[in-house]
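For reference, data.txt (compact mmCIF, C-alpha atoms):
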# COMPACT_ATOMS: atom_id res chain seq x y z
CA MET M 6 226.57 6.98 163.65
CA GLN M 7 224.01 4.96 161.67
CA HIS M 8 221.79 2.45 163.45
CA ARG M 9 222.65 -0.95 161.96
CA ILE M 10 219.67 -3.15 161.07
CA ILE M 11 220.34 -6.64 159.75
CA VAL M 12 217.55 -8.75 158.25
CA LEU M 13 218.30 -12.47 157.99
CA GLY M 14 216.45 -14.22 155.18
CA ALA M 15 214.76 -12.76 152.11
CA GLY M 16 211.62 -14.81 151.76
CA TYR M 17 208.23 -13.11 151.85
CA THR M 18 208.72 -11.89 155.41
CA GLY M 19 212.38 -10.85 155.40
CA ALA M 20 212.20 -9.05 152.07
CA THR M 21 208.97 -7.32 153.09
CA ALA M 22 210.44 -6.19 156.41
CA ALA M 23 213.59 -4.81 154.77
CA GLY M 24 211.66 -2.88 152.13
CA ARG M 25 209.22 -1.47 154.65
CA LEU M 26 212.00 -0.38 157.00
CA ALA M 27 213.64 1.45 154.12
CA ARG M 28 210.42 3.41 153.63
CA ARG M 29 210.00 4.20 157.31
CA LEU M 30 213.48 5.45 158.22
CA ARG M 31 215.85 8.09 156.85
CA ARG M 32 218.77 6.60 154.95
CA GLU M 33 221.31 8.81 156.66
CA ASP M 34 220.19 7.43 160.04
CA VAL M 35 220.14 3.69 159.36
CA ALA M 36 222.11 1.04 157.50
CA ILE M 37 219.84 -1.82 156.44
CA THR M 38 221.50 -5.06 155.34
CA LEU M 39 219.49 -7.96 153.93
CA VAL M 40 221.32 -11.29 154.15
CA ASN M 41 220.23 -14.13 151.86
CA ALA M 42 221.89 -17.13 150.26
CA GLU M 43 220.15 -16.72 146.88
CA ALA M 44 220.21 -13.74 144.53
CA ASP M 45 216.56 -14.12 143.47
CA PHE M 46 213.30 -13.98 145.38
CA VAL M 47 211.61 -17.38 145.60
CA GLU M 48 207.81 -17.56 145.43
CA ARG M 49 207.54 -20.39 147.89
CA VAL M 50 203.79 -20.67 147.49
CA ARG M 51 204.37 -21.75 143.88
CA MET M 52 206.81 -24.60 144.45
CA HIS M 53 204.20 -27.17 143.44
CA GLN M 54 203.92 -25.36 140.11
CA LEU M 55 207.69 -25.33 139.64
CA ALA M 56 207.78 -29.06 140.38
CA VAL M 57 205.50 -29.89 137.44
CA GLY M 58 207.41 -27.77 134.95
CA HIS M 59 205.87 -24.31 135.08
CA HIS M 60 208.13 -21.33 134.45
CA LEU M 61 208.36 -18.82 137.31
CA GLU M 62 209.33 -15.24 136.56
CA PRO M 63 212.82 -14.41 137.89
CA ARG M 64 212.81 -11.69 140.53
CA PRO M 65 216.42 -10.57 141.19
CA PHE M 66 216.91 -8.84 144.52
CA GLY M 67 219.39 -6.48 142.90
CA GLU M 68 216.57 -5.04 140.81
CA MET M 69 213.95 -5.18 143.56
CA PHE M 70 215.97 -3.18 146.06
CA ALA M 71 217.70 -0.82 143.64
CA GLY M 72 217.35 2.71 144.94
CA THR M 73 215.92 1.71 148.32
CA GLY M 74 219.09 1.98 150.38
CA VAL M 75 218.89 -1.69 151.35
CA GLU M 76 222.25 -3.45 150.96
CA LEU M 77 221.99 -7.05 149.79
CA LYS M 78 224.52 -9.47 151.26
CA LEU M 79 224.65 -12.80 149.40
CA ALA M 80 225.76 -15.22 152.09
CA GLN M 81 224.75 -18.22 154.15
CA VAL M 82 224.00 -17.53 157.81
CA THR M 83 226.01 -19.95 159.95
CA GLY M 84 225.38 -18.58 163.43
CA VAL M 85 223.93 -15.78 165.53
CA ASP M 86 225.40 -14.50 168.81
CA VAL M 87 222.58 -12.47 170.32
CA ASP M 88 224.63 -11.56 173.40
CA ARG M 89 227.47 -10.06 171.33
CA LYS M 90 224.98 -8.81 168.71
CA ALA M 91 226.81 -10.42 165.81
CA VAL M 92 225.92 -12.70 162.88
CA ALA M 93 228.33 -15.18 161.32
CA VAL M 94 227.99 -15.65 157.56
CA VAL M 95 229.82 -17.37 154.71
CA GLY M 96 229.74 -15.84 151.26
CA ALA M 97 231.81 -15.64 148.10
CA ASP M 98 234.55 -13.82 150.02
CA GLY M 99 234.66 -16.40 152.79
CA ALA M 100 233.54 -16.25 156.40
CA GLU M 101 232.88 -12.96 158.17
CA GLU M 102 230.98 -11.46 161.07
CA LEU M 103 228.33 -8.76 160.82
CA GLU M 104 227.48 -6.59 163.83
CA TYR M 105 224.02 -5.19 164.37
CA ASP M 106 222.04 -2.87 166.60
CA THR M 107 218.69 -4.39 165.61
CA LEU M 108 218.24 -7.85 164.15
CA VAL M 109 215.23 -9.11 162.18
CA TYR M 110 215.32 -12.91 162.13
CA ALA M 111 213.41 -14.29 159.13
CA LEU M 112 215.22 -17.50 158.23
CA GLY M 113 211.93 -19.33 157.87
CA SER M 114 211.54 -23.08 157.72
CA GLY M 115 212.27 -26.16 155.64
CA TRP M 116 210.70 -29.55 155.26
CA ASN M 117 210.15 -31.80 158.25
CA ASP M 118 210.64 -35.54 157.75
CA GLN M 119 209.11 -36.16 161.20
CA GLY M 120 211.82 -38.76 161.82
CA VAL M 121 210.02 -41.34 159.65
CA PRO M 122 212.49 -44.00 158.47
CA GLY M 123 213.50 -43.71 154.83
CA THR M 124 212.02 -40.28 154.29
CA ALA M 125 215.31 -38.40 154.02
CA GLU M 126 216.72 -41.02 151.65
CA HIS M 127 213.76 -41.63 149.36
CA ALA M 128 211.16 -38.83 149.60
CA HIS M 129 211.05 -35.55 147.70
CA GLU M 130 210.15 -32.19 149.24
CA ILE M 131 208.94 -28.88 147.84
CA SER M 132 209.69 -26.46 150.68
CA GLY M 133 212.15 -24.58 148.48
CA ARG M 134 213.42 -24.22 144.93
CA PRO M 135 216.17 -26.90 145.06
CA GLY M 136 213.73 -29.55 146.25
CA ALA M 137 211.07 -28.54 143.73
CA LEU M 138 213.58 -28.71 140.88
CA ARG M 139 214.75 -32.18 141.95
CA LEU M 140 211.14 -33.36 142.01
CA ARG M 141 210.60 -31.76 138.61
CA GLU M 142 213.45 -33.79 137.13
CA ARG M 143 212.19 -37.00 138.74
CA LEU M 144 208.61 -36.54 137.54
CA ALA M 145 209.84 -35.90 134.01
CA ARG M 146 211.46 -39.35 134.00
CA LEU M 147 208.31 -41.21 135.05
CA ASP M 148 206.54 -43.36 132.50
CA ALA M 149 202.78 -43.44 132.08
CA GLY M 150 201.03 -45.48 134.72
CA GLN M 151 203.70 -45.06 137.39
CA SER M 152 202.60 -44.01 140.85
CA VAL M 153 203.15 -40.82 142.86
CA VAL M 154 202.17 -40.66 146.53
CA VAL M 155 201.90 -37.31 148.31
CA VAL M 156 202.16 -37.76 152.07
CA GLY M 157 200.40 -35.06 154.08
CA GLY M 158 196.82 -33.82 153.79
CA GLY M 159 197.35 -30.14 154.59
CA LEU M 160 197.33 -27.24 152.14
CA THR M 161 200.75 -28.07 150.67
CA GLY M 162 199.88 -31.72 150.14
CA ILE M 163 196.54 -30.97 148.52
CA GLU M 164 198.04 -28.39 146.20
CA ALA M 165 200.91 -30.71 145.24
CA ALA M 166 198.66 -33.70 144.55
CA THR M 167 196.20 -31.76 142.40
CA GLU M 168 198.96 -29.94 140.50
CA ILE M 169 200.76 -33.19 139.66
CA ALA M 170 197.54 -34.99 138.70
CA GLU M 171 196.46 -32.18 136.41
CA ALA M 172 199.87 -31.77 134.76
CA ARG M 173 200.42 -35.53 134.40
CA PRO M 174 197.05 -37.26 133.95
CA ASP M 175 198.96 -40.35 132.79
CA LEU M 176 200.30 -40.95 136.31
CA ASP M 177 198.60 -42.73 139.21
CA VAL M 178 198.48 -40.02 141.90
CA ALA M 179 197.48 -40.67 145.51
CA LEU M 180 197.44 -38.68 148.72
CA ALA M 181 197.95 -40.21 152.18
CA SER M 182 196.62 -38.22 155.13
CA GLN M 183 196.41 -38.95 158.84
CA ARG M 184 193.14 -37.05 158.88
CA GLY M 185 190.03 -37.08 156.75
CA LEU M 186 190.42 -35.32 153.40
CA GLY M 187 189.99 -31.60 154.05
CA ASP M 188 188.27 -32.29 157.37
CA TRP M 189 188.96 -28.75 158.61
CA LEU M 190 186.96 -27.26 155.72
CA SER M 191 183.28 -26.39 155.60
CA PRO M 192 180.88 -28.99 154.15
CA LYS M 193 180.86 -27.07 150.87
CA GLY M 194 184.66 -26.94 150.83
CA ARG M 195 185.03 -30.66 151.55
CA GLN M 196 182.47 -31.53 148.88
CA HIS M 197 184.30 -29.49 146.26
CA LEU M 198 187.67 -30.92 147.23
CA ARG M 199 186.38 -34.48 146.82
CA LYS M 200 184.80 -33.53 143.51
CA VAL M 201 188.14 -32.26 142.18
CA PHE M 202 190.01 -35.31 143.49
CA ASP M 203 187.52 -37.56 141.70
CA LYS M 204 187.76 -35.53 138.51
CA LEU M 205 191.58 -35.71 138.53
CA GLY M 206 191.61 -39.38 139.48
CA ILE M 207 193.47 -38.87 142.77
CA THR M 208 193.16 -41.68 145.30
CA ALA M 209 192.75 -40.40 148.88
CA HIS M 210 194.08 -42.69 151.62
CA GLU M 211 192.38 -41.09 154.60
CA HIS M 212 193.21 -41.72 158.26
CA THR M 213 196.43 -43.31 157.08
CA ALA M 214 199.69 -42.86 158.99
CA VAL M 215 202.83 -43.42 156.93
CA THR M 216 205.48 -45.17 159.03
CA GLY M 217 208.23 -45.69 156.47
CA VAL M 218 209.35 -44.72 152.99
CA GLU M 219 211.12 -47.03 150.56
CA ALA M 220 212.33 -46.49 147.03
CA ASP M 221 209.14 -47.88 145.49
CA ARG M 222 206.49 -47.75 148.22
CA VAL M 223 205.41 -46.25 151.53
CA ALA M 224 204.54 -48.35 154.57
CA THR M 225 201.52 -47.54 156.71
CA ALA M 226 200.66 -48.07 160.36
CA ASP M 227 198.12 -50.81 159.58
CA GLY M 228 200.81 -52.96 158.01
CA THR M 229 199.91 -52.35 154.38
CA SER M 230 201.94 -50.49 151.78
CA ILE M 231 201.12 -48.10 148.95
CA PRO M 232 203.11 -48.33 145.68
CA ALA M 233 205.12 -45.17 145.06
CA ALA M 234 207.62 -44.68 142.27
CA VAL M 235 207.88 -41.14 143.70
CA THR M 236 207.01 -40.06 147.23
CA VAL M 237 206.41 -36.35 147.96
CA TRP M 238 206.62 -35.49 151.65
CA THR M 239 204.48 -32.54 152.81
CA THR M 240 203.73 -33.25 156.48
CA GLY M 241 204.72 -29.85 157.82
CA PHE M 242 207.72 -27.60 158.28
CA ALA M 243 210.65 -27.38 160.67
CA VAL M 244 212.31 -24.07 161.50
CA HIS M 245 215.96 -23.35 160.84
CA PRO M 246 218.04 -24.70 163.77
CA ILE M 247 220.15 -21.58 164.27
CA ALA M 248 217.77 -19.89 166.73
CA ARG M 249 217.76 -22.92 169.02
CA ALA M 250 221.56 -22.68 169.29
CA THR M 251 221.35 -19.12 170.69
CA THR M 252 220.29 -17.80 174.10
CA LEU M 253 217.01 -16.54 172.64
CA GLU M 254 213.87 -17.85 174.27
CA VAL M 255 212.49 -20.43 171.86
CA THR M 256 209.79 -23.09 171.89
CA ASP M 257 210.53 -26.80 171.98
CA THR M 258 210.38 -26.73 168.17
CA GLY M 259 212.90 -23.89 167.92
CA ARG M 260 210.57 -20.99 167.10
CA ILE M 261 211.49 -17.65 168.65
CA VAL M 262 208.94 -16.45 171.22
CA VAL M 263 207.86 -12.89 170.44
CA ASP M 264 205.46 -10.32 171.81
CA ALA M 265 202.69 -8.48 169.95
CA THR M 266 205.27 -6.34 168.10
CA MET M 267 207.28 -9.38 166.92
CA ARG M 268 210.04 -8.56 169.38
CA SER M 269 211.88 -11.33 171.20
CA VAL M 270 210.65 -11.67 174.78
CA SER M 271 214.23 -12.34 175.93
CA HIS M 272 216.33 -10.03 173.71
CA PRO M 273 214.70 -6.67 172.91
CA ASP M 274 217.09 -5.90 170.04
CA VAL M 275 215.90 -8.99 168.15
CA TYR M 276 212.68 -9.28 166.16
CA ALA M 277 211.45 -12.48 164.52
CA VAL M 278 208.89 -12.83 161.75
CA GLY M 279 207.34 -15.57 159.66
CA ASP M 280 207.72 -19.28 160.32
CA ALA M 281 210.70 -18.66 162.61
CA ALA M 282 208.56 -16.86 165.20
CA LEU M 283 205.86 -17.95 167.59
CA ALA M 284 203.30 -15.18 167.88
CA THR M 285 199.66 -15.28 168.89
CA GLY M 286 196.68 -14.09 166.91
CA ALA M 287 192.97 -13.86 167.57
CA GLY M 288 191.80 -15.95 170.50
CA ASP M 289 195.41 -16.20 171.70
CA LYS M 290 195.96 -18.97 169.17
CA PRO M 291 199.46 -19.39 167.70
CA LEU M 292 199.72 -18.12 164.15
CA ARG M 293 200.16 -20.91 161.64
CA MET M 294 203.21 -21.10 159.41
CA SER M 295 202.06 -19.40 156.23
CA CYS M 296 202.49 -16.39 153.98
CA ALA M 297 199.14 -15.16 155.29
CA SER M 298 200.67 -14.88 158.76
CA GLY M 299 204.21 -13.92 157.82
CA VAL M 300 203.66 -10.82 155.71
CA PRO M 301 201.51 -9.00 158.31
CA MET M 302 204.09 -10.03 160.94
CA ALA M 303 206.77 -8.36 158.79
CA TRP M 304 204.69 -5.18 158.50
CA GLN M 305 204.25 -5.15 162.23
CA ALA M 306 207.91 -5.71 163.04
CA ALA M 307 209.09 -3.03 160.61
CA ASP M 308 206.60 -0.46 161.89
CA ALA M 309 207.42 -1.29 165.52
CA ILE M 310 211.16 -0.94 164.91
CA ALA M 311 210.63 2.37 163.17
CA ALA M 312 208.35 3.61 165.95
CA ARG M 313 210.82 2.71 168.69
CA LEU M 314 213.72 4.29 166.84
CA THR M 315 211.89 7.51 166.06
CA GLY M 316 209.82 7.88 169.22
CA GLY M 317 206.59 7.24 167.35
CA LYS M 318 203.47 5.37 168.41
CA LEU M 319 203.57 1.60 168.29
CA PRO M 320 201.06 0.03 165.89
CA ASN M 321 198.42 -2.06 167.62
CA VAL M 322 196.05 -3.56 165.06
CA PRO M 323 195.19 -7.20 165.86
CA LEU M 324 196.00 -9.77 163.23
CA ARG M 325 193.12 -11.85 161.95
CA TYR M 326 192.52 -14.35 159.20
CA PHE M 327 189.89 -13.96 156.48
CA ASN M 328 190.26 -16.99 154.24
CA GLN M 329 192.40 -19.92 153.20
CA CYS M 330 193.30 -19.90 149.51
CA ILE M 331 193.91 -23.32 147.96
CA SER M 332 194.87 -23.97 144.35
CA LEU M 333 193.61 -27.27 142.92
CA GLY M 334 195.62 -27.27 139.72
CA ARG M 335 195.48 -24.37 137.27
CA ARG M 336 191.75 -24.53 136.53
CA GLU M 337 190.21 -25.19 139.94
CA GLY M 338 190.48 -23.53 143.32
CA LEU M 339 188.94 -23.31 146.76
CA ILE M 340 188.64 -20.21 148.90
CA GLN M 341 187.54 -21.23 152.38
CA TYR M 342 186.34 -18.29 154.45
CA VAL M 343 187.33 -18.49 158.11
CA THR M 344 186.86 -16.80 161.45
CA ALA M 345 189.46 -14.41 162.84
CA ASP M 346 191.18 -17.34 164.54
CA ASP M 347 191.22 -19.44 161.33
CA ARG M 348 188.20 -21.75 161.81
CA ALA M 349 186.15 -22.55 158.73
CA VAL M 350 182.72 -20.98 158.32
CA ARG M 351 180.01 -22.20 155.94
CA ALA M 352 180.91 -19.83 153.11
CA ALA M 353 183.39 -20.99 150.47
CA LEU M 354 184.22 -19.97 146.92
CA THR M 355 184.92 -22.78 144.45
CA GLY M 356 185.73 -23.50 140.84
CA ARG M 357 187.39 -21.39 138.19
CA PHE M 358 186.70 -18.08 139.90
CA ALA M 359 188.39 -19.39 143.05
CA ALA M 360 191.43 -20.37 140.98
CA VAL M 361 191.63 -16.83 139.59
CA TYR M 362 191.22 -15.41 143.10
CA LYS M 363 194.09 -17.55 144.40
CA GLU M 364 196.29 -16.54 141.47
CA LEU M 365 195.64 -12.86 142.18
CA ILE M 366 196.59 -13.40 145.84
CA CYS M 367 199.87 -15.07 144.83
CA LYS M 368 200.68 -12.34 142.31
CA GLY M 369 199.80 -9.64 144.82
CA ALA M 370 202.09 -11.10 147.48
CA ALA M 371 205.02 -11.32 145.07
CA TRP M 372 204.30 -7.86 143.64
CA GLY M 373 204.34 -6.34 147.11
CA VAL M 374 207.75 -7.84 147.85
CA ALA M 375 209.13 -6.88 144.44
CA HIS M 376 208.08 -3.22 144.70
CA PRO M 377 209.26 -1.99 148.11
CA LEU M 378 209.50 1.58 146.87
CA LEU M 379 205.72 1.66 146.41
CA THR M 380 205.09 1.17 150.12
CA PRO M 381 203.81 4.52 151.47
CA ALA M 382 206.82 6.42 152.78
CA ARG M 383 206.75 7.78 156.32
CA ARG M 384 210.45 8.36 156.83
CA ARG M 385 211.33 9.83 160.20
CA ARG M 386 214.60 10.71 161.88
CA VAL M 387 216.06 8.28 164.40
CA VAL M 388 215.98 9.91 167.81
CA ARG M 389 216.77 7.10 170.26
CA ASP M 390 217.87 3.51 170.75
CA ALA M 391 215.33 0.82 169.83
CA ALA M 392 216.43 -1.65 172.52
CA PRO M 393 215.82 -0.55 176.11
CA ALA M 394 217.17 -2.71 178.90
CA ALA M 395 213.77 -4.10 179.94
CA PRO M 396 212.69 -7.21 178.02
CA ALA M 397 209.64 -7.15 175.82
CA ALA M 398 206.29 -8.32 177.17
CA PRO M 399 205.30 -11.95 176.66
CA ALA M 400 203.27 -12.91 173.64
CA GLY M 401 199.65 -11.96 174.03
CA SER M 402 200.21 -9.73 177.06
CA THR M 403 199.34 -6.59 175.10
CA GLY M 404 196.70 -8.21 172.92
CA SER M 405 197.09 -10.46 169.92
CA ALA M 406 199.70 -10.27 167.21
CA VAL M 407 199.02 -7.33 165.00
CA ARG M 408 198.44 -6.61 161.39
CA ALA M 409 199.94 -3.30 160.41
CA SER M 410 198.25 -1.38 157.66
CA ALA M 411 200.01 -1.18 154.36
Rewrite the structure of this file - the entire thing - as structure tokens.
Amino acid sequence: MQHRIIVLGAGYTGATAAGRLARRLRREDVAITLVNAEADFVERVRMHQLAVGHHLEPRPFGEMFAGTGVELKLAQVTGVDVDRKAVAVVGADGAEELEYDTLVYALGSGWNDQGVPGTAEHAHEISGRPGALRLRERLARLDAGQSVVVVGGGLTGIEAATEIAEARPDLDVALASQRGLGDWLSPKGRQHLRKVFDKLGITAHEHTAVTGVEADRVATADGTSIPAAVTVWTTGFAVHPIARATTLEVTDTGRIVVDATMRSVSHPDVYAVGDAALATGAGDKPLRMSCASGVPMAWQAADAIAARLTGGKLPNVPLRYFNQCISLGRREGLIQYVTADDRAVRAALTGRFAAVYKELICKGAAWGVAHPLLTPARRRRVVRDAAPAAPAAPAGSTGSAVRASA
């Protein structure tokens, strides 16, 4: 009987895990099902580009996984019963239940309005394709001189503000951040960021907490308001609520707690990768929600599942960060080099070359997902169950989260 592996979500992490599992295990021994609501792969790191009108190359899953043995199930996940080992989905044929032996949970995250009044009603988000397309339509209707305020001074906010300002120099673009502009960057990185903001005419409202969003303005904690014909909300991400509704051990924000192999610490037949999982990296620091964390987590989970099923050796290569890649429009970029635990060092790459570097990183990530058959094959026969009765070790107990080699 085939071992049934279900992967929930086909973003960078879910699609990568499914493709890698298909290259690690013999098709006659496993049935791999990838469940996703959309038929195409979404390059989430390019949503700011989509929002300003850029064309993104379609990447149909049917073509990507042709010949891999991965079965694509187009459906919305509505629930997971980890005690019965079943997933509830709704697709074109209605509601049904899928049973699994091993589950890879990769449902990711969406935007987080932080409970700020008016945000859900008036703000736009770019955490996925639907939101980016709605913002695209709204920006196209703006007249010259109208104002756009991006709330949130992290990577997503900076990329959105610079992309909009470059694509629409006729608009009045501002960014509101609770922190100083790029205050986590090196001095060189901060200097370049301010230079680009000045060049693009972006107003930075630093150390500014937004306390409310209205149709034409945002309110701030000091009692003032900032005009905003369009507000773009980029203050972080919230994970899908399904995991919190299960008996999985999760954090207070709903992320699944996993060990160094991305295995649930409470349910050994469940693995979680990407934004949905809480894993630790270098220095026992939680991995941040990002593609840079998620893809290596997917490699690790797939290799660990394959090793446990085939009796092989578990991978144990610690995950570390090398840089943060930030696009500042199409012609400028910033590559901030960091320590293993993601703290900025003095070195940074800026300008046009940095923009090209970032573009190559984005293309490489998408190419890797779109070509699962080019992952080195190490197919082995399944020899035993992947889920022993004993729970997995807590996160960090066997070292930091790991980065499996490609």
- Task: Do a neighbour search on range 248-262 of chain M at 8 Å with all atoms listed in the file, toss out local chain neighbours closer than 2 positions, and write the hits as a list in words.
- Result: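 These residues fall inside the cut-off: Val85, Asp86, Val87, Asp88, Ala243, Val244, His245, Pro246, Asp264, Ser269, Val270, Ser271, His272, Ala277, Asp280, Ala281, Ala282, Leu283, Ala284, Pro399 and Ala400 of chain M.
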Residues of range 107-202 of chain M within 12 Å of range 304-309 of chain M: nearest atom pair and distance (Å, one decimal) for each, counting only C-alpha atoms, sorted by chain and number, as CSV?
residue,atom,partner,partner_atom,distance
M:Thr107,CA,M:Ala307,CA,10.9
M:Leu108,CA,M:Ala306,CA,10.6
M:Val109,CA,M:Ala306,CA,8.1
M:Tyr110,CA,M:Ala306,CA,10.4
M:Ala111,CA,M:Ala306,CA,10.9
- Can you find the residues with an atom no farther than 12 Å from (214.3, -36.4, 154.6), counting all atoms listed in the file, and report them as a VMD selection string? chain M and resid 115 to 132 136 217 to 219 236 to 240 242 to 243
- Message: List the spatial neighbours of range 49-52 of chain M as a PyMOL selection string - criterion: any atom at most 8 Å away, only C-alpha atoms, same-chain residues fewer than 4 positions off excluded.
- Response: chain M and resi 16+56+131-134+137+296+367
- Message: Taking only C-alpha atoms into account, name the residue in M:Glu142, M:Asp346, M:Phe358, M:Ala20 that is nearest to Gly299 in chain M.
- Response: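 Under the stated criterion, the closest residue is M:Ala20.
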- Which of these, M:Val57, M:Val361, M:Ile37, M:Val153, has the shortest distance to Leu339 in chain M once you count only C-alpha atoms? M:Val361
- Item | Option closest in space to Gly356 in chain M, from M:Leu314, M:Asp98, M:Lys193, M:Val155 [counting only C-alpha atoms] | M:Lys193
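Going from CA of Arg195 in chain M to CA of Pro323 in chain M covers 29.3 Å.
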- Write out as a PyMOL selection string which residues come within 10 Å of Asp106 in chain M when counting all atoms listed in the file, dropping same-chain ones fewer than 2 positions away. chain M and resi 7-11+35-36+90-91+104+108+274-275+390-392
Mind writing the picked residues with C-alpha atoms as a compact mmCIF listing (two decimals), in the coordinates of the input?
# COMPACT_ATOMS: atom_id res chain seq x y z
CA GLN M 7 224.01 4.96 161.67
CA HIS M 8 221.79 2.45 163.45
CA ARG M 9 222.65 -0.95 161.96
CA ILE M 10 219.67 -3.15 161.07
CA ILE M 11 220.34 -6.64 159.75
CA VAL M 35 220.14 3.69 159.36
CA ALA M 36 222.11 1.04 157.50
CA LYS M 90 224.98 -8.81 168.71
CA ALA M 91 226.81 -10.42 165.81
CA GLU M 104 227.48 -6.59 163.83
CA LEU M 108 218.24 -7.85 164.15
CA ASP M 274 217.09 -5.90 170.04
CA VAL M 275 215.90 -8.99 168.15
CA ASP M 390 217.87 3.51 170.75
CA ALA M 391 215.33 0.82 169.83
CA ALA M 392 216.43 -1.65 172.52
- Query: Nearest to Ile247 in chain M: which of M:Gly84, M:Gly96, M:Gly185, M:Pro232 is it, counting all atoms listed in the file?
  - Reply: M:Gly84
- 10 Å contact set for Ala172 in chain M, only C-alpha atoms, chain neighbours under 4 positions out, as an MDAnalysis selection string: chainID M and resid 54 57:59 167:168 176 205 334:335
- Query: In Å, with one decimal, what is the gap from CA of Ala209 in chain M to CA of Ala165 in chain M?
  - Reply: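 Pair CA of Ala209 in chain M / CA of Ala165 in chain M returns 13.2 Å.
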- Write out as a list in words which residues come within 9 Å of Gly194 in chain M when counting only C-alpha atoms, dropping same-chain ones fewer than 4 positions away.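 Neighbouring residues, sequence-local ones excluded: Gly187, Leu190, Leu198, Arg199, Leu339, Ile340, Gln341, Arg351, Ala352, Ala353, Leu354 and Thr355 of chain M.
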